[in-house]
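Structure file upload_31.txt; described as compact mmCIF, C-alpha atoms and all ligand atoms.
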```txt
# COMPACT_ATOMS: atom_id res chain seq x y z
CA MET A 1 -9.64 -14.07 -1.68
CA THR A 2 -10.62 -12.44 -4.98
CA ASP A 3 -13.12 -9.60 -4.91
CA PRO A 4 -15.38 -8.56 -7.76
CA ALA A 5 -13.87 -6.20 -10.33
CA HIS A 6 -13.39 -2.62 -9.23
CA ASP A 7 -12.97 0.59 -11.13
CA LEU A 8 -11.81 3.99 -10.07
CA ASN A 9 -12.45 7.12 -12.07
CA VAL A 10 -11.07 10.53 -11.27
CA THR A 11 -12.72 13.17 -13.42
CA LYS A 12 -11.70 16.80 -13.88
CA LEU A 13 -10.42 16.88 -10.34
CA SER A 14 -9.15 20.28 -9.26
CA LYS A 15 -7.87 21.55 -5.95
CA SER A 16 -6.87 25.02 -4.96
CA PHE A 17 -5.98 26.62 -1.65
CA ALA A 18 -6.75 30.20 -0.74
CA THR A 19 -3.63 31.74 0.75
CA ALA A 20 -2.67 35.28 1.80
CA GLY A 21 -0.73 35.59 -1.45
CA GLY A 22 -3.71 34.51 -3.59
CA THR A 23 -5.18 31.25 -4.81
CA LEU A 24 -2.81 28.31 -5.15
CA GLU A 25 -3.98 25.98 -7.91
CA ILE A 26 -2.51 22.61 -7.04
CA LEU A 27 -4.49 20.14 -9.15
CA ARG A 28 -5.97 21.12 -12.51
CA GLU A 29 -8.63 18.88 -13.96
CA VAL A 30 -6.77 15.67 -13.18
CA GLU A 31 -8.05 12.58 -14.98
CA LEU A 32 -7.28 9.01 -13.96
CA SER A 33 -8.92 5.64 -14.58
CA LEU A 34 -7.78 2.40 -12.98
CA LYS A 35 -9.31 -1.02 -12.49
CA SER A 36 -8.79 -4.12 -10.35
CA GLY A 37 -5.22 -5.36 -10.42
CA ASP A 38 -3.84 -2.08 -11.81
CA ALA A 39 -0.88 -0.56 -10.03
CA ALA A 40 0.18 3.03 -10.66
CA ALA A 41 3.08 5.01 -9.25
CA ILE A 42 2.79 8.78 -9.06
CA THR A 43 5.97 10.81 -9.01
CA GLY A 44 6.54 14.53 -9.38
CA PRO A 45 8.44 17.42 -7.85
CA SER A 46 8.06 18.23 -4.17
CA GLY A 47 4.95 20.33 -3.65
CA SER A 48 3.40 19.29 -6.96
CA GLY A 49 0.30 17.92 -5.19
CA LYS A 50 0.89 14.17 -5.10
CA SER A 51 -0.21 13.72 -1.50
CA THR A 52 -3.12 16.10 -2.01
CA LEU A 53 -4.35 13.97 -4.92
CA LEU A 54 -3.94 10.74 -2.95
CA TYR A 55 -5.73 12.20 0.07
CA ILE A 56 -8.66 13.37 -2.07
CA ILE A 57 -8.95 9.92 -3.67
CA GLY A 58 -8.78 8.41 -0.16
CA LEU A 59 -11.47 10.72 1.26
CA LEU A 60 -9.02 12.41 3.59
CA ASP A 61 -9.40 15.73 1.73
CA VAL A 62 -12.04 17.26 -0.52
CA PRO A 63 -11.72 18.46 -4.11
CA THR A 64 -12.47 22.05 -5.10
CA SER A 65 -14.23 20.65 -8.17
CA GLY A 66 -14.44 17.42 -10.12
CA ASP A 67 -15.25 13.98 -8.86
CA VAL A 68 -14.01 10.58 -7.75
CA THR A 69 -16.09 7.48 -8.40
CA LEU A 70 -15.32 4.00 -7.13
CA ASP A 71 -17.39 1.18 -8.56
CA GLY A 72 -19.90 3.77 -9.75
CA GLU A 73 -20.33 5.28 -6.28
CA ARG A 74 -19.43 8.88 -5.46
CA PRO A 75 -18.05 8.66 -1.92
CA HIS A 76 -17.41 12.40 -1.62
CA GLN A 77 -21.19 12.85 -1.65
CA LEU A 78 -21.63 10.78 1.53
CA SER A 79 -22.01 12.23 5.01
CA ALA A 80 -18.94 12.25 7.28
CA ALA A 81 -20.18 9.21 9.21
CA GLN A 82 -20.92 7.31 6.01
CA GLN A 83 -17.52 8.27 4.64
CA ALA A 84 -15.76 6.84 7.69
CA ARG A 85 -17.47 3.51 7.16
CA TYR A 86 -16.92 3.66 3.40
CA ARG A 87 -13.20 4.28 3.97
CA SER A 88 -12.89 1.32 6.35
CA ARG A 89 -14.60 -0.99 3.91
CA ASN A 90 -13.10 0.13 0.61
CA ILE A 91 -9.84 1.95 1.13
CA GLY A 92 -6.53 0.90 2.65
CA PHE A 93 -3.95 3.60 3.39
CA ILE A 94 -0.22 3.21 3.98
CA PHE A 95 1.74 6.24 5.11
CA GLN A 96 5.47 6.94 5.15
CA ASP A 97 5.40 6.59 8.91
CA HIS A 98 3.70 3.32 9.84
CA HIS A 99 1.18 4.95 12.27
CA LEU A 100 0.86 1.75 14.31
CA LEU A 101 -0.57 2.03 17.81
CA PRO A 102 2.33 1.47 20.22
CA GLN A 103 0.20 -0.11 22.97
CA CYS A 104 -1.32 -2.75 20.65
CA THR A 105 0.33 -5.93 19.45
CA VAL A 106 1.09 -6.60 15.81
CA LEU A 107 -2.04 -8.73 15.47
CA GLU A 108 -4.24 -6.14 17.21
CA ASN A 109 -2.89 -3.38 14.96
CA VAL A 110 -3.73 -5.38 11.85
CA LEU A 111 -7.23 -6.07 13.19
CA LEU A 112 -8.02 -2.42 14.02
CA PRO A 113 -9.78 -1.58 10.73
CA THR A 114 -12.07 -4.60 11.13
CA LEU A 115 -13.57 -3.17 14.34
CA ALA A 116 -15.38 -0.48 12.35
CA LEU A 117 -17.08 -3.14 10.24
CA ALA A 118 -18.24 -5.34 13.12
CA GLN A 119 -16.89 -8.45 11.44
CA THR A 120 -16.79 -11.70 13.33
CA ASN A 121 -13.51 -11.73 15.22
CA ARG A 122 -12.62 -15.22 14.20
CA GLU A 123 -12.82 -14.63 10.43
CA ALA A 124 -10.87 -11.39 10.64
CA GLU A 125 -8.25 -12.99 12.84
CA VAL A 126 -7.72 -15.87 10.42
CA ARG A 127 -7.20 -13.33 7.64
CA ALA A 128 -4.83 -11.23 9.76
CA VAL A 129 -2.72 -14.24 10.70
CA GLU A 130 -2.56 -15.29 7.05
CA LEU A 131 -1.52 -11.80 5.92
CA LEU A 132 1.15 -11.60 8.60
CA ARG A 133 2.42 -15.01 7.53
CA ARG A 134 2.50 -13.74 3.93
CA VAL A 135 4.79 -10.86 4.91
CA GLY A 136 7.03 -13.10 7.04
CA LEU A 137 5.88 -11.99 10.48
CA SER A 138 4.28 -15.18 11.83
CA GLU A 139 6.66 -15.18 14.78
CA ARG A 140 5.81 -11.59 15.69
CA LEU A 141 2.03 -11.65 16.20
CA HIS A 142 2.15 -10.72 19.87
CA HIS A 143 5.04 -8.29 19.76
CA ARG A 144 4.53 -4.55 20.05
CA PRO A 145 5.68 -2.10 17.35
CA ALA A 146 8.63 -0.92 19.48
CA GLN A 147 10.03 -4.46 19.33
CA LEU A 148 10.13 -4.42 15.52
CA SER A 149 12.48 -2.92 12.93
CA GLY A 150 11.29 -0.13 10.63
CA GLY A 151 10.77 -2.54 7.75
CA GLU A 152 8.83 -4.97 9.94
CA ARG A 153 6.57 -2.15 11.16
CA GLN A 154 5.90 -1.10 7.59
CA ARG A 155 5.03 -4.70 6.69
CA VAL A 156 2.50 -4.67 9.54
CA ALA A 157 1.11 -1.41 8.13
CA VAL A 158 0.73 -3.13 4.74
CA CYS A 159 -1.26 -5.95 6.41
CA ARG A 160 -3.44 -3.46 8.28
CA ALA A 161 -4.21 -1.63 5.02
CA LEU A 162 -5.20 -4.91 3.36
CA ILE A 163 -7.16 -6.59 6.16
CA ASN A 164 -10.58 -5.50 4.89
CA GLN A 165 -9.68 -6.50 1.32
CA PRO A 166 -10.12 -2.93 0.08
CA ALA A 167 -10.89 -2.10 -3.53
CA LEU A 168 -8.36 0.68 -3.31
CA LEU A 169 -4.92 0.60 -1.75
CA LEU A 170 -3.25 3.99 -1.41
CA ALA A 171 0.38 4.37 -0.35
CA ASP A 172 2.05 7.70 0.36
CA GLU A 173 5.83 7.31 0.17
CA PRO A 174 5.63 3.85 1.80
CA THR A 175 9.35 3.15 1.58
CA GLY A 176 10.57 6.67 2.35
CA ASN A 177 11.95 5.78 5.78
CA LEU A 178 13.51 2.46 4.81
CA ASP A 179 16.95 1.43 3.65
CA ARG A 180 17.31 0.24 0.08
CA GLN A 181 17.06 -3.51 0.71
CA THR A 182 14.10 -3.16 3.08
CA ALA A 183 12.40 -0.75 0.69
CA GLU A 184 12.69 -3.33 -2.05
CA THR A 185 11.11 -6.02 0.14
CA VAL A 186 8.22 -3.78 1.18
CA GLY A 187 7.71 -2.65 -2.43
CA THR A 188 7.58 -6.27 -3.59
CA LEU A 189 5.03 -7.24 -0.94
CA LEU A 190 2.88 -4.24 -1.73
CA LEU A 191 2.81 -5.00 -5.45
CA GLU A 192 2.35 -8.75 -5.02
CA ILE A 193 -0.40 -8.72 -2.41
CA ALA A 194 -2.32 -5.88 -4.10
CA LYS A 195 -2.29 -7.96 -7.28
CA GLU A 196 -3.33 -11.14 -5.46
CA GLN A 197 -6.27 -9.32 -3.89
CA GLN A 198 -7.06 -7.61 -7.20
CA ALA A 199 -6.99 -4.22 -5.50
CA ILE A 200 -6.29 -0.97 -7.33
CA LEU A 201 -2.91 0.23 -6.05
CA ILE A 202 -1.78 3.85 -6.23
CA CYS A 203 1.59 4.72 -4.77
CA VAL A 204 3.06 8.20 -4.41
CA THR A 205 6.83 8.12 -4.27
CA HIS A 206 10.03 10.06 -4.84
CA SER A 207 11.86 6.79 -5.42
CA GLN A 208 12.46 6.24 -9.12
CA GLU A 209 13.53 2.70 -8.23
CA LEU A 210 10.15 1.93 -6.68
CA ALA A 211 8.20 3.75 -9.41
CA ALA A 212 10.02 1.77 -12.11
CA ARG A 213 8.53 -1.45 -10.72
CA PHE A 214 4.96 -0.29 -11.32
CA PRO A 215 3.21 -1.27 -14.57
CA ARG A 216 1.84 2.27 -14.84
CA ARG A 217 3.92 5.33 -14.08
CA LEU A 218 2.41 8.78 -13.87
CA GLU A 219 3.92 12.14 -13.15
CA LEU A 220 2.21 15.14 -11.64
CA LEU A 221 3.42 18.23 -13.47
CA ASP A 222 1.86 21.69 -13.30
CA GLY A 223 -1.24 20.24 -11.69
CA ARG A 224 -1.83 17.59 -14.34
CA LEU A 225 -1.14 13.86 -14.43
CA VAL A 226 0.90 12.70 -17.39
CA GLU A 227 2.14 9.22 -18.31
CA SER A 228 5.89 9.04 -17.75
N1 LIG A 301 -4.10 23.41 3.61
C1 LIG A 301 -3.25 23.95 2.73
N2 LIG A 301 -3.21 25.29 2.56
C2 LIG A 301 -2.37 25.85 1.64
N3 LIG A 301 -1.52 25.15 0.87
C3 LIG A 301 -1.52 23.83 1.02
C4 LIG A 301 -2.37 23.15 1.95
N4 LIG A 301 -2.14 21.82 1.85
C5 LIG A 301 -1.18 21.67 0.90
N5 LIG A 301 -0.81 22.87 0.41
C6 LIG A 301 0.19 23.12 -0.65
O1 LIG A 301 -0.14 22.32 -1.76
C7 LIG A 301 1.05 21.93 -2.43
C8 LIG A 301 1.01 20.44 -2.68
O2 LIG A 301 1.25 19.74 -1.45
P1 LIG A 301 1.42 18.16 -1.43
O3 LIG A 301 1.78 17.76 -0.04
O4 LIG A 301 0.25 17.53 -2.05
O5 LIG A 301 2.67 17.98 -2.41
P2 LIG A 301 3.56 16.69 -2.69
O6 LIG A 301 3.74 16.62 -4.18
O7 LIG A 301 2.98 15.50 -2.03
O8 LIG A 301 4.91 17.13 -1.99
P3 LIG A 301 6.10 16.24 -1.35
O9 LIG A 301 6.65 15.42 -2.48
O10 LIG A 301 7.07 17.29 -0.89
O11 LIG A 301 5.52 15.45 -0.24
C9 LIG A 301 2.21 22.41 -1.58
O12 LIG A 301 2.73 23.59 -2.15
C10 LIG A 301 1.57 22.68 -0.25
O13 LIG A 301 2.24 23.69 0.43
```

Here is the file; what I need is its structure written in the form of structure tokens.
Amino acid sequence: MTDPAHDLNVTKLSKSFATAGGTLEILREVELSLKSGDAAAITGPSGSGKSTLLYIIGLLDVPTSGDVTLDGERPHQLSAAQQARYRSRNIGFIFQDHHLLPQCTVLENVLLPTLALAQTNREAEVRAVELLRRVGLSERLHHRPAQLSGGERQRVAVCRALINQPALLLADEPTGNLDRQTAETVGTLLLEIAKEQQAILICVTHSQELAARFPRRLELLDGRLVES
């Protein structure tokens, strides 16, 4: 299950938005380096740019200047179609809201990202079943999201993000909608499975409890990332 070593480098990454009131500088020459098995939590005040940074790293937004490299590649330079494929292959995303498709079963939801890569169904399905077993949902493979609790849905979202064994696992407030106990379970699974798969995990959160469990803790302050 172990992939080759990965490394992520964010270099002089800046982002600003032009607004009626002038230019909003959100990120100012952010620097970040992480490698396989690293797990970093990013905290910071509301509006400090945490999600913006995560979205740029995840190719869901573009920087104003600066660069992101993953394993020496510069994915922001790819065409939109190439980026879509690159994202499916290399990046897993977990959002605060699970974003599962209501009409699909648990197993089908987990398998969705594999469709883009035209993998053999059988291999992907074996991996999906194993991941769902790992998060304690073996009995729920053929249930639909509406039949699950919030924590169970988020565990499915964790499996979906990991199904293609991404180099990079990005989580935006993954436990924000969960009660304390459930949040702890989901946080544990996220940290454990990311480590097992030797992914690079970056998690944006307001929860100091969750952040404290990460080996590396960073804070976004005045547009810059600082160790906290
Ligand atoms: N398209 C946009 N145009 C203008 N301003 C934007 C745009 N997108 C984001 N912003 C602003 O950038 C800032 C950073 O937003 P972002 O969502 O990254 O912050 P955050 O730290 O994740 O906040 P929160 O913790 O509240 O989720 C905010 O002030 C937001 O209003």

Write out as an mmCIF file with C-alpha atoms, in the coordinates of the input which residues come within 8 Å of A:Gly58 when counting all atoms listed in the file, dropping same-chain ones fewer than 2 positions away.
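For reference, part-v6.cif as written:
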```cif
data_model
loop_
_atom_site.group_PDB
_atom_site.id
_atom_site.type_symbol
_atom_site.label_atom_id
_atom_site.label_comp_id
_atom_site.auth_asym_id
_atom_site.auth_seq_id
_atom_site.Cartn_x
_atom_site.Cartn_y
_atom_site.Cartn_z
ATOM 1 C CA LEU A 54 -3.940 10.740 -2.950
ATOM 2 C CA TYR A 55 -5.730 12.200 0.070
ATOM 3 C CA ILE A 56 -8.660 13.370 -2.070
ATOM 4 C CA LEU A 60 -9.020 12.410 3.590
ATOM 5 C CA ASP A 61 -9.400 15.730 1.730
ATOM 6 C CA ARG A 87 -13.200 4.280 3.970
ATOM 7 C CA ILE A 91 -9.840 1.950 1.130
ATOM 8 C CA PHE A 93 -3.950 3.600 3.390
ATOM 9 C CA LEU A 170 -3.250 3.990 -1.410
#
```

*Would you mind telling me which residue in A:Arg85, A:Lys50, A:His142, A:His76 lies nearest to ligand LIG 301 (chain A) when using all atoms listed in the file?*
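Answer, going by the shortest atom-to-atom distance: A:Lys50.
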
*Exercise: A:Lys35 partners within 12 Å, all atoms listed in the file, chain neighbours under 6 positions left out, as an MDAnalysis selection string*: chainID A and resid 4:10 69:72 167:169 194:195 198:202 216

Kindly provide, as JSON, the centre and edge lengths (Å, one decimal) of an axis-aligned box around all atoms of ligand LIG 301 (chain A) given in the file, with 6 Å on each side.
```
{"center_x": 1.5, "center_y": 20.6, "center_z": -0.3, "size_x": 23.2, "size_y": 22.4, "size_z": 19.8}
```

_Within-7 Å residues of ligand LIG 301 (chain A), basis all atoms listed in the file, as a PyMOL selection string_ = chain A and resi 17-19+24+26+44-53+206

*Find, counting all atoms listed in the file, the residue in A:Arg213, A:Lys12, A:Arg89, A:Arg134 that gets nearest to A:Gln165.*
A:Arg89

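Across the structure, atom CA of A:Leu218 and atom CA of A:Ala41 are spaced 6.0 Å apart.
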
*Test item: which residues lie within 12 Å of (2.0, 7.4, -22.3) counting all atoms listed in the file, as a list in words*: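 It turns out the residues near that spot are Pro215, Arg216, Arg217, Leu218, Glu219, Leu225, Val226, Glu227 and Ser228 of chain A.
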
_Spatial neighbours of A:Leu107, max dist 12 Å, all atoms listed in the file, sep filter under 2 positions, as number ranges by chain_ = A: 100-101, 103-105, 109-114, 121, 124-133, 137-145, 153, 155-157, 159-160, 163

_One decimal, in Å: what's the spacing between atom CA of A:Arg28 and atom CA of A:Ala211?_
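Those two atoms sit 22.6 Å apart.
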
*asked:* Please compute the atom CA of A:Gln83-atom CA of A:Thr23 distance, one decimal, in Å.
replied: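 So the answer is 27.7 Å.
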
*asked:* Ranking A:Leu221, A:Thr120, A:Leu162, A:Thr182 by minimum distance to A:Glu196 and counting only C-alpha atoms, which one comes first?
replied: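 Counting only C-alpha atoms, the residue closest to A:Glu196 is A:Leu162.
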
*When distances are computed from all atoms listed in the file, which of A:Ala183, A:Ala171, A:Val106, A:Val30 shows the smallest separation from A:Gly223?*
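The closest residue to A:Gly223 is A:Val30.
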
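Distances from A:Leu13, A:Ala212, A:Ile42, A:Val158 to A:Ile94 were compared using all atoms listed in the file, and the smallest one belongs to A:Val158.
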
*Of the candidates A:Gly136, A:Gly21, A:Gly150, A:Gly66, which shows the shortest atom-to-atom distance to A:Asp179, using only C-alpha atoms?*
A:Gly150

*asked:* I want to know what sits within 8 Å of A:Thr175, based on all atoms listed in the file, with residues of the same chain fewer than 5 positions away left out; could you give that as a list in words?
replied: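 Residues near the query, excluding close chain neighbours: Gln96, Ala183, Val186 and Gly187 of chain A.
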